[in-house]
Every structure is written in structure tokens, then in C-alpha cells.
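Peer 1: Let me begin by handing over the structure; questions about it come next.
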Amino acid sequence: MSSQTHTPKEIRDQAARRRTFAVISHPDAGKSTLTEALALHARVIGQAGATHGKAGRRATVSDWMQMEQDRGISISSAALQFEYRDCVINLIDTPGHADFSEDTYRVLSSVDCTVMLVDAAKGLEMQTMKLFEVCKHRNLPIITVINKWDRPGIDALELMDEILERTGMLPTPLTWPVGQSGDFRGVLDRTSGTYTKYTRNDAGARIAEEQTMDADAALELESEAWTTAVDESELLDLEEQNHDQERFLAGETTPVMFASAVLNFGVHKLLDTLVDLAPAALPRTDVDGGVRPVDSAFSGFVFKVQAGMDSHHRDRLAYIRVCSGVFERGMVVTHAASGKPFATKYAQQVFGRDREVIDEAWPGDVVGLVNASALRVGDSLYLDDRVEYPPIPTFAPEHFMVIRAQDSSKYKQFRRGIEQLDHEGVVQVLRSDLRGDQAPVLGAVGPMQFEVAEDRMIHEFHAPVKMERLNFSLARRTTPEAVPTLARERSVEVLSRSDGELLALFSDRWRLQGVQREHPELVLEPLVVS
């Protein structure tokens with residue numbers, strides 16, 4: 001079936017229904033819990049995973065890897081799609097741990113908005129600020145959620161001051177807490193002036209009971225707590241900290257909401273806010289600076305490749321963000337990197353680890369293409385007029401290990417596993433003639449990436465490995481002409497990455513500076529993420 005069966009207006013209308021966003025935060029701020037709470041409130045799951053705290057919790061739908069379930073953290077991004085009101089929500093949960101920043105960065109290239117989750121007791125933490133900078137660089141509007149208000153934490157007005165001082169964005173709360181942190185009774189809706197009272201239900205495993213009442217009833221019920229909330233909201237009015245849609249979309253302000261994801265307090269209001277305020281799928285800029293309208297022929301790009309999601313099937317899934325037109329299962333598109341045709345027979349909609357066949361997708365949607373071995377992160381696909389979207393840069397690795405198969409008879413599985421981890425971008429695989437294919441070097445942003453690699457080599461590829469740390473901490477891009485000179489230097493090694501880049505590894509910045517002083521003619525460029 002051709003995309004000509006769909007009118008431009010139909011495509012624009014469907015794009016306008018999409019809300020595609022990511023949840024970002026510091027580790028353990030509650031991202032996966034919030035992700036599941038949103039799905040619970042949209043009625044697409046019946047019960048949330050966090051029932052009795054981490055020790056006895058069920059696994060959240062977005063944390064499907066065994067290591068994620070064992071550690072209670074997100075290691076890999078996960079995509080969830082569901083309908084709410086008249087919109088289609090594409091929610092992409094991201095790893096919070098700094099060691100997996102590269103995966104989060106890829107996700108942020110595929111969304112139109114972000115929800116920044118802030119722990120009420122800790123404020124804006126280091127990893128949150130790093131990801132905030134990426135969002136600002138990409139001009140992504142940011143909605144801020146103060147989570148864990150059911151626990152003792154920082155004063156609400158102090159948190160507003162911190163957001164302004166550290167991000168430069170003016171916080172414009174849409175709701176204001178009734179009851180101080182640790183005594184979360186409900187929220188004041190600053191637009192309507194009404195009070196929504198929350199009552200926990202089934203220890204947070206099911207949707208919390210909500211009761212909405214006018215200001216007089218709220219005053220009678222909550223007394224001093226309501227009066228304090230109203231007074232503080234009036235202070236915000238005096239500072240003109242009220243929502244302005246144009247300023248929000250321009251990144252000048254951030255709407256703020258208060259919630260407890262684990263108890264499902266405030267989650268319903270966040271869903272409504274995403275539908276009402278978050279931007280729909282918009283035209284995307286291509287690598288040449290042109291803009292491809294959403295109602296033009298199909299185009300999209302790969303922002304993630306993942307294997308090992310189903311232990312019964314050795315498949316790999318390429319996550320595609322649809323940028324324009326209509327994706328139709330079975331259509332033959334063009335792979336921009338190679339110019340070759342690419343068939344899309346096996347296309348699926350993803351809900352965490354669960355999948356189902358999908359026949360159509362629209363701008364803003366995420367499609368999983370199964371067994372797409374030719375696709376890599378950053379690749380573009382298109383129909384009709386050629387388009388290529390900006391590549392997704394890789395991070396500069398800071399940790400390095402040699403990896404070898406423990407059992408030489410398992411070398412075939414070892415090699416297949418290394419190729420797959422490289423293909424997915426779990427780690428960067430570096431090689432040289434000196435080391436050979438039997439002892440490649442793994443480069444990582446953080447040490448936990450090595451743990452993921454080792455775990456998957458053992459359990460997924462059945463190839464136990466030995467890993468040995470190398471004494472390097474810096475990587476610089478270099479040229480073939482520089483290799484002979486660098487090969488004679490101590491504490492320096494040149495390796496080739498699978499994308500063809502030559503990386504010179506240095507033990508530390510003093511060694512790098514020494515080489516630069518002695519050989520100023522050498523090309524030693526930082527690997528910059530943009």
C-alpha cells in the first residue's frame with residue numbers, strides 16, 4: 001500500500017495528536033516508577049510494579065533486563081506507546097546512571113519534549129544538570145516534576161529558587177503542594193484555584209483516589225496547610241511565575257508540578273499537562289539545514305539498536321523515530337547511508353519488552369524494525385525525496401578494557417557477541433593489528449558499561465570472557481599520518497573504531513600535553529558531542 005492513500009491533512013492531524021517525550025533525571029529519582037505510573041493512569045496496565053519498595057518490588061514494565069531488575073536501576077532506554085484522551089503518547093524511559101549517558105543522549109535526539117524529574121530531598125543533582133544542558137542545546141521544552149513529595153525534603157519555594165539559579169529557566173508551577181514535604185495531602189491547581197486531595201490506594205500499586213473541591217471546602221478540610229499553599233501561590237503570582245506557552249516552548253520557562261510517583265499522586269495531572277502543553281510532532285531539520293514537512297513522504301532515523309530482548313528469539317530491534325509521512329509495514333524505503341533499498345516487513349510497536357505487529361505509524365511514533373542488521377544508530381530512512389538527518393555523535397570513552405574469550409572453543413560466539421555489542425553501541429569496540437581480533441579493546445563512558453557487556457556475553461552469547469583494565473583515560477581523534485610517531489610514544493596507543501575513526505589513547509592529560517608539545521604538527525582532536 002502506498003502512502004498516497006493518506007492525505008496531507010490526515011498526516012498533519014495524526015502528527016498533531018502525538019506527544020513524544022523522555023523522562024530524565026539523576027539515578028534513583030524515580031524515572032521508571034513514574035513511567036509505569038503514567039501507563040497505569042492511562043489504563044494500559046492494571047497494576048504498577050513498585051508495591052512494597054525495592055526489596056520486594058515487582059519489575060517495572062520498562063526495566064526488562066535482568067541486571068535492571070536485580071539492581072533496581074534502568075540500564076537501557078525503553079519505549080512505551082499508549083493512548084490517553086485524544087492523543088498518542090510515546091514515552092521513552094532513559095537510564096539515569098551517568099555511565100549510560102550515551103544511551104540517554106541518543107534518546108534525546110528522538111523526542112520533542114522532556115520531563116525533568118527532581119528528587120524533593122536532593123534538588124537538582126549532577127546528572128540531572130548534565131542532561132538539562134543537552135536538552136537546552138537541542139532546544140527541547142522541559143516540564144519539571146518534583147517527585148517524592150511524600151518524603152521529607154527541601155522547602156518548595158527553595159526548590160523554585162534553585163531551579164531558576166541553576167538552569168536559568170523561570171519555574172512556573174502549575175500545581176502547588178498542600179502540606180510540606182513528607183506530608184503530601186494534595187495540590188492546589190494554580191489556574192482554577194481548586195484543591196485535589198490524594199488518598200493512597202493499595203500501597204501505590206493502583207491509581208490513587210482523587211477528590212477535587214473548591215477553595216472553601218479545602219480551607220475547611222486542610223485549614224493551615226491550605227492557607228500556606230494559597231499564600232505561597234500568591235507569592236509566585238507577585239513574581240510573575242505563571243505559565244506562558246510561548247516562553248515554555250522557547251525554553252525560557254519550565255512548568256512545575258508536584259508528585260509522588262510511587263503513590264501515584266499527581267500523575268494524572270502530569271498526563272493532562274503533556275496533552276495540553278507539550279509540543280506535537282513538528283518538522284525536523286535535515287543534515288543540510290533544510291526542513292522536511294511532517295506531511296511529506298515517509299522519513300525517519302534510527303536512535304537505538306537493541307538485541308537480547310527476547311531470549312527465545314535471537315533478533316535485534318532498531319528503534320525508528322518517524323519524522324514525516326506515514327510508515328506502512330512492508331514498504332520498501334531507502335537506507336540513506338548506503339543508498340540501498342530496505343524492506344520493512346517485520347515492524348512492531350514496542351511496550352517495554354512486549355511487542356505487537358504494527359501496520360502504520362505517524363510522525364512522532366517509534367517503530368521497532370526486527371532483524372534490521374544493516375541499520376546502525378543515526379541512520380536515516382526515507383521514501384521518495386532523499387533526506388538524511390544529522391548523525392548522532394558518540395561520546396569520548398574514558399575507560400578502557402581488553403576483552404578475551406575464556407574458552408577458545410567459544411571464539412565464534414565471542415566474536416558474534418562483540419560485533420552485536422558494538423552494533424548496539426553498548427560499548428565502543430576498538431581494534432589494532434597489534435592486538436588482533438581475539439583481544440579487542442572496549443571503550444566506555446563509565447565502568448558499569450563493562451558489567452553490562454560482560455553479563456550479556458555470558459548469558460546471551462554463552463561466551464564467558466576475561467577483561468583486563470588498560471591504563472588510559474583520554475581519547476583523541478587522530479590521522480593515519482600521525483600513527484608512526486604516536487606508536488613510538490610511551491603510554492600512548494592508537495586503535496581503530498568500527499566507524500573508521502582512529503583514536504589515540506593517552507594515560508592522562510599530562511601525557512597528552514607532553515606529546516602535543518613535542519609534536520605540535522600531529523592532529524589530536526577532542527571527540528566533541530554536539
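Labels used: A, B, ... for chains in the order of the C-alpha cells, numbers from 1 for residues in each chain, and numbers from 1 for ligands as shown.
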Among the residues of stretch 463-509 of chain A, find those DSSP assigns to alpha helix (DSSP H) from the backbone and print them as a PyMOL selection string.
Peer 2: chain A and resi 483-487+509
Peer 1: Could you turn the residues from that selection into a file that holds C-alpha atoms, as a PDB file, in the first residue's frame?
Peer 2:
ATOM      1  CA  VAL A 483      50.265   6.814  13.747  1.00  0.00           C
ATOM      2  CA  PRO A 484      54.031   6.107  13.267  1.00  0.00           C
ATOM      3  CA  THR A 485      55.017   8.973  15.589  1.00  0.00           C
ATOM      4  CA  LEU A 486      52.430   8.081  18.249  1.00  0.00           C
ATOM      5  CA  ALA A 487      53.489   4.406  18.142  1.00  0.00           C
ATOM      6  CA  ARG A 509      46.084  14.745  30.195  1.00  0.00           C
TER       7      ARG A 509
END
Peer 1: Taking 4 positions as the minimum chain separation for residues in the same chain, which residues sit within 7 Å of A:Arg404 when counting only C-alpha atoms? Answer as a VMD selection string.
Peer 2: chain A and resid 438 to 439 465 to 467
Peer 1: For the selection you just gave me, I'd like the residues written to a file as a short mmCIF file (atom, residue, chain, number, x, y, z; two decimals), in the first residue's frame, keeping N, CA and C atoms.
Peer 2:
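So the final result, stored in part-v6.cif, reads:
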data_model
loop_
_atom_site.label_atom_id
_atom_site.label_comp_id
_atom_site.auth_asym_id
_atom_site.auth_seq_id
_atom_site.Cartn_x
_atom_site.Cartn_y
_atom_site.Cartn_z
N GLN A 438 41.19 -11.25 18.42
CA GLN A 438 40.94 -12.06 19.60
C GLN A 438 41.05 -11.27 20.90
N ALA A 439 41.57 -10.06 20.82
CA ALA A 439 41.71 -9.25 22.03
C ALA A 439 41.38 -7.79 21.72
N VAL A 465 34.00 -14.35 29.41
CA VAL A 465 35.14 -13.53 28.97
C VAL A 465 36.05 -13.19 30.14
N LYS A 466 37.27 -12.82 29.78
CA LYS A 466 38.24 -12.24 30.72
C LYS A 466 38.44 -10.79 30.31
N MET A 467 38.46 -9.90 31.29
CA MET A 467 38.62 -8.48 30.99
C MET A 467 39.78 -7.92 31.81
#
Peer 1: Going by DSSP on the backbone, which residues of stretch 258-452 of chain A come out as strand (DSSP E)? List them as a ChimeraX atom specification.
Peer 2: /A:258,284-285,291-292,299-307,316-324,327-328,332-335,340-343,347-351,354-357,360-361,366-370,380-382,399-405,428-431,441-444
Peer 1: Now that the selection is made, can you save its residues with C-alpha atoms as a compact mmCIF listing (two decimals), in the first residue's frame?
Peer 2:
# COMPACT_ATOMS: atom_id res chain seq x y z
CA PHE A 258 4.49 18.15 42.44
CA ARG A 284 12.68 18.14 11.61
CA THR A 285 15.82 19.75 10.26
CA VAL A 291 13.21 21.23 6.94
CA ARG A 292 11.13 18.23 5.85
CA SER A 299 11.27 9.56 6.63
CA GLY A 300 12.78 8.56 9.94
CA PHE A 301 16.02 7.84 11.74
CA VAL A 302 17.42 5.12 13.98
CA PHE A 303 18.09 6.29 17.54
CA LYS A 304 18.68 2.92 19.18
CA VAL A 305 19.52 -0.69 18.33
CA GLN A 306 18.80 -3.40 20.91
CA ALA A 307 19.21 -7.16 20.91
CA ARG A 316 17.70 -7.34 17.10
CA LEU A 317 15.40 -4.37 17.15
CA ALA A 318 16.15 -1.00 15.56
CA TYR A 319 14.11 1.83 17.08
CA ILE A 320 12.99 4.32 14.42
CA ARG A 321 11.60 7.78 15.12
CA VAL A 322 9.10 8.60 12.36
CA CYS A 323 9.80 12.18 11.26
CA SER A 324 7.49 12.65 8.29
CA PHE A 327 5.23 4.40 7.94
CA GLU A 328 3.48 1.34 6.48
CA VAL A 332 10.43 -0.55 0.78
CA VAL A 333 12.39 2.54 1.78
CA THR A 334 15.89 3.75 1.04
CA HIS A 335 18.76 3.47 3.52
CA LYS A 340 20.20 0.60 -0.92
CA PRO A 341 16.55 -0.40 -0.63
CA PHE A 342 15.39 -1.62 2.77
CA ALA A 343 12.29 -3.78 3.28
CA ALA A 347 7.66 -3.92 12.08
CA GLN A 348 6.45 -3.79 15.66
CA GLN A 349 5.04 -1.44 18.22
CA VAL A 350 7.01 -1.63 21.45
CA PHE A 351 5.71 -1.59 25.02
CA ASP A 354 6.39 -6.63 24.92
CA ARG A 355 5.73 -6.08 21.23
CA GLU A 356 2.98 -6.46 18.69
CA VAL A 357 2.90 -6.13 14.91
CA GLU A 360 1.04 2.04 10.37
CA ALA A 361 2.88 4.75 12.28
CA VAL A 366 8.50 4.98 17.49
CA VAL A 367 8.62 1.83 15.36
CA GLY A 368 10.68 -1.27 16.09
CA LEU A 369 12.15 -2.90 12.98
CA VAL A 370 13.08 -6.52 13.66
CA SER A 380 18.21 7.72 8.13
CA LEU A 381 15.48 6.02 6.07
CA TYR A 382 13.26 7.70 3.51
CA HIS A 399 37.58 3.82 30.46
CA PHE A 400 39.22 1.02 28.50
CA MET A 401 39.49 -2.75 28.87
CA VAL A 402 40.90 -5.59 26.80
CA ILE A 403 38.38 -8.40 26.42
CA ARG A 404 39.19 -12.03 25.56
CA ALA A 405 37.23 -15.27 25.38
CA GLN A 428 32.79 1.16 21.67
CA VAL A 429 34.94 -1.60 20.15
CA LEU A 430 38.49 -0.60 19.24
CA ARG A 431 40.94 -2.76 17.31
CA VAL A 441 39.64 -3.09 23.40
CA LEU A 442 36.32 -1.91 24.80
CA GLY A 443 35.89 1.81 25.38
CA ALA A 444 33.19 3.13 27.71
Peer 1: Which of these residues is nearest to A:Gly417, using only C-alpha atoms: A:Glu388, A:Glu451, A:Asp216, A:Glu460?
Peer 2: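 Answer, going by the shortest atom-to-atom distance: A:Glu460.
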Peer 1: If you count only C-alpha atoms, which residues fall within 10 Å of A:Val178, apart from same-chain ones fewer than 2 positions away, as an MDAnalysis selection string?
Peer 2: chainID A and resid 175:176 180:181 183:188 195:197 218 222 224:230 258
Peer 1: Which one of A:Ala156, A:Ile142, A:Leu235, A:Val294 sits closest to A:Thr253 if you count only C-alpha atoms?
Peer 2: A:Ile142
Peer 1: When you draw a straight line from atom CA of A:Gly500 to atom CA of A:Ser432, how long is it in Å?
Peer 2: 11.8 Å
Peer 1: Quick one: contact table of stretch 137-188 of chain A to stretch 114-127 of chain A, 9 Å max, nearest atom pair and distance in Å to one decimal per residue, counting only C-alpha atoms, chain and number order, as a Markdown table?
Peer 2:
| residue | atom | partner | partner_atom | distance |
| --- | --- | --- | --- | --- |
| A:Leu140 | CA | A:Thr114 | CA | 6.7 |
| A:Pro141 | CA | A:Thr114 | CA | 6.4 |
| A:Ile142 | CA | A:Thr114 | CA | 5.0 |
| A:Ile143 | CA | A:Val115 | CA | 4.8 |
| A:Thr144 | CA | A:Met116 | CA | 4.7 |
| A:Val145 | CA | A:Leu117 | CA | 5.0 |
| A:Ile146 | CA | A:Val118 | CA | 4.9 |
| A:Asn147 | CA | A:Asp119 | CA | 5.2 |
| A:Lys148 | CA | A:Ala120 | CA | 5.7 |
| A:Trp149 | CA | A:Ala120 | CA | 5.8 |
| A:Asp150 | CA | A:Ala120 | CA | 8.9 |
| A:Arg151 | CA | A:Ala121 | CA | 7.6 |
| A:Pro152 | CA | A:Ala121 | CA | 6.5 |
| A:Gly153 | CA | A:Ala121 | CA | 3.7 |
| A:Ile154 | CA | A:Ala121 | CA | 5.4 |
| A:Asp155 | CA | A:Ala120 | CA | 8.4 |
| A:Ala156 | CA | A:Ala120 | CA | 8.3 |
| A:Leu159 | CA | A:Gly123 | CA | 6.6 |
| A:Glu162 | CA | A:Leu124 | CA | 7.6 |
| A:Ile163 | CA | A:Leu124 | CA | 7.4 |
| A:Arg166 | CA | A:Leu124 | CA | 8.1 |
| A:Ser181 | CA | A:Ala120 | CA | 7.5 |
Peer 1: Based on the selection just made, write N, CA and C atoms of those residues as a PDB file, in the first residue's frame.
Peer 2:
ATOM      1  N   LEU A 140      14.928  21.619  23.534  1.00  0.00           N
ATOM      2  CA  LEU A 140      13.785  20.806  23.954  1.00  0.00           C
ATOM      3  C   LEU A 140      13.053  21.484  25.113  1.00  0.00           C
ATOM      4  N   PRO A 141      11.748  21.724  24.988  1.00  0.00           N
ATOM      5  CA  PRO A 141      10.992  22.257  26.135  1.00  0.00           C
ATOM      6  C   PRO A 141      11.040  21.270  27.295  1.00  0.00           C
ATOM      7  N   ILE A 142      11.049  21.797  28.517  1.00  0.00           N
ATOM      8  CA  ILE A 142      11.223  20.959  29.703  1.00  0.00           C
ATOM      9  C   ILE A 142      10.094  21.198  30.690  1.00  0.00           C
ATOM     10  N   ILE A 143       9.414  20.118  31.066  1.00  0.00           N
ATOM     11  CA  ILE A 143       8.438  20.152  32.161  1.00  0.00           C
ATOM     12  C   ILE A 143       9.121  19.561  33.386  1.00  0.00           C
ATOM     13  N   THR A 144       9.066  20.242  34.502  1.00  0.00           N
ATOM     14  CA  THR A 144       9.735  19.779  35.721  1.00  0.00           C
ATOM     15  C   THR A 144       8.723  19.155  36.682  1.00  0.00           C
ATOM     16  N   VAL A 145       9.063  17.977  37.191  1.00  0.00           N
ATOM     17  CA  VAL A 145       8.232  17.304  38.191  1.00  0.00           C
ATOM     18  C   VAL A 145       9.054  17.133  39.455  1.00  0.00           C
ATOM     19  N   ILE A 146       8.574  17.701  40.543  1.00  0.00           N
ATOM     20  CA  ILE A 146       9.200  17.489  41.855  1.00  0.00           C
ATOM     21  C   ILE A 146       8.616  16.196  42.415  1.00  0.00           C
ATOM     22  N   ASN A 147       9.434  15.159  42.447  1.00  0.00           N
ATOM     23  CA  ASN A 147       8.959  13.837  42.852  1.00  0.00           C
ATOM     24  C   ASN A 147       9.282  13.563  44.324  1.00  0.00           C
ATOM     25  N   LYS A 148       8.638  12.554  44.857  1.00  0.00           N
ATOM     26  CA  LYS A 148       8.853  12.082  46.236  1.00  0.00           C
ATOM     27  C   LYS A 148       8.454  13.136  47.268  1.00  0.00           C
ATOM     28  N   TRP A 149       7.397  13.906  46.969  1.00  0.00           N
ATOM     29  CA  TRP A 149       6.948  14.917  47.933  1.00  0.00           C
ATOM     30  C   TRP A 149       6.330  14.261  49.171  1.00  0.00           C
ATOM     31  N   ASP A 150       6.098  12.945  49.109  1.00  0.00           N
ATOM     32  CA  ASP A 150       5.582  12.231  50.272  1.00  0.00           C
ATOM     33  C   ASP A 150       6.663  11.975  51.307  1.00  0.00           C
ATOM     34  N   ARG A 151       7.919  12.332  50.977  1.00  0.00           N
ATOM     35  CA  ARG A 151       9.023  12.149  51.912  1.00  0.00           C
ATOM     36  C   ARG A 151       9.578  13.502  52.334  1.00  0.00           C
ATOM     37  N   PRO A 152      10.221  13.578  53.506  1.00  0.00           N
ATOM     38  CA  PRO A 152      10.816  14.846  53.925  1.00  0.00           C
ATOM     39  C   PRO A 152      11.808  15.358  52.886  1.00  0.00           C
ATOM     40  N   GLY A 153      11.793  16.649  52.631  1.00  0.00           N
ATOM     41  CA  GLY A 153      12.683  17.210  51.610  1.00  0.00           C
ATOM     42  C   GLY A 153      12.868  18.703  51.767  1.00  0.00           C
ATOM     43  N   ILE A 154      13.296  19.330  50.675  1.00  0.00           N
ATOM     44  CA  ILE A 154      13.592  20.764  50.657  1.00  0.00           C
ATOM     45  C   ILE A 154      12.289  21.549  50.544  1.00  0.00           C
ATOM     46  N   ASP A 155      12.265  22.749  51.113  1.00  0.00           N
ATOM     47  CA  ASP A 155      11.108  23.627  51.034  1.00  0.00           C
ATOM     48  C   ASP A 155      10.771  23.922  49.565  1.00  0.00           C
ATOM     49  N   ALA A 156       9.481  23.968  49.249  1.00  0.00           N
ATOM     50  CA  ALA A 156       9.054  24.135  47.857  1.00  0.00           C
ATOM     51  C   ALA A 156       9.568  25.440  47.242  1.00  0.00           C
ATOM     52  N   LEU A 159      13.183  25.179  46.359  1.00  0.00           N
ATOM     53  CA  LEU A 159      13.392  24.415  45.137  1.00  0.00           C
ATOM     54  C   LEU A 159      13.172  25.287  43.902  1.00  0.00           C
ATOM     55  N   GLU A 162      16.215  27.326  43.402  1.00  0.00           N
ATOM     56  CA  GLU A 162      17.321  26.520  42.885  1.00  0.00           C
ATOM     57  C   GLU A 162      17.177  26.284  41.381  1.00  0.00           C
ATOM     58  N   ILE A 163      15.963  25.994  40.945  1.00  0.00           N
ATOM     59  CA  ILE A 163      15.734  25.782  39.509  1.00  0.00           C
ATOM     60  C   ILE A 163      16.103  27.024  38.720  1.00  0.00           C
ATOM     61  N   ARG A 166      20.092  27.651  38.883  1.00  0.00           N
ATOM     62  CA  ARG A 166      20.982  26.672  38.253  1.00  0.00           C
ATOM     63  C   ARG A 166      20.668  26.401  36.787  1.00  0.00           C
ATOM     64  N   SER A 181       6.776  18.858  52.458  1.00  0.00           N
ATOM     65  CA  SER A 181       7.331  17.580  52.020  1.00  0.00           C
ATOM     66  C   SER A 181       7.345  16.602  53.189  1.00  0.00           C
TER      67      SER A 181
END
Peer 1: What lies within 12 Å of A:Val107 using only C-alpha atoms, ignoring chain neighbours under 6 positions off, as a ChimeraX atom specification?
Peer 2: /A:20-24,76-79,90-95,100-101,113-114,131,134-135,138,301-305,319-321,366,377-378,392
Peer 1: I'd like to know which of A:Ala504, A:Leu221, A:Cys87, A:Ala374 is closest to A:Ala281, using only C-alpha atoms.
Peer 2: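 Selected residue with least distance to A:Ala281: A:Cys87.
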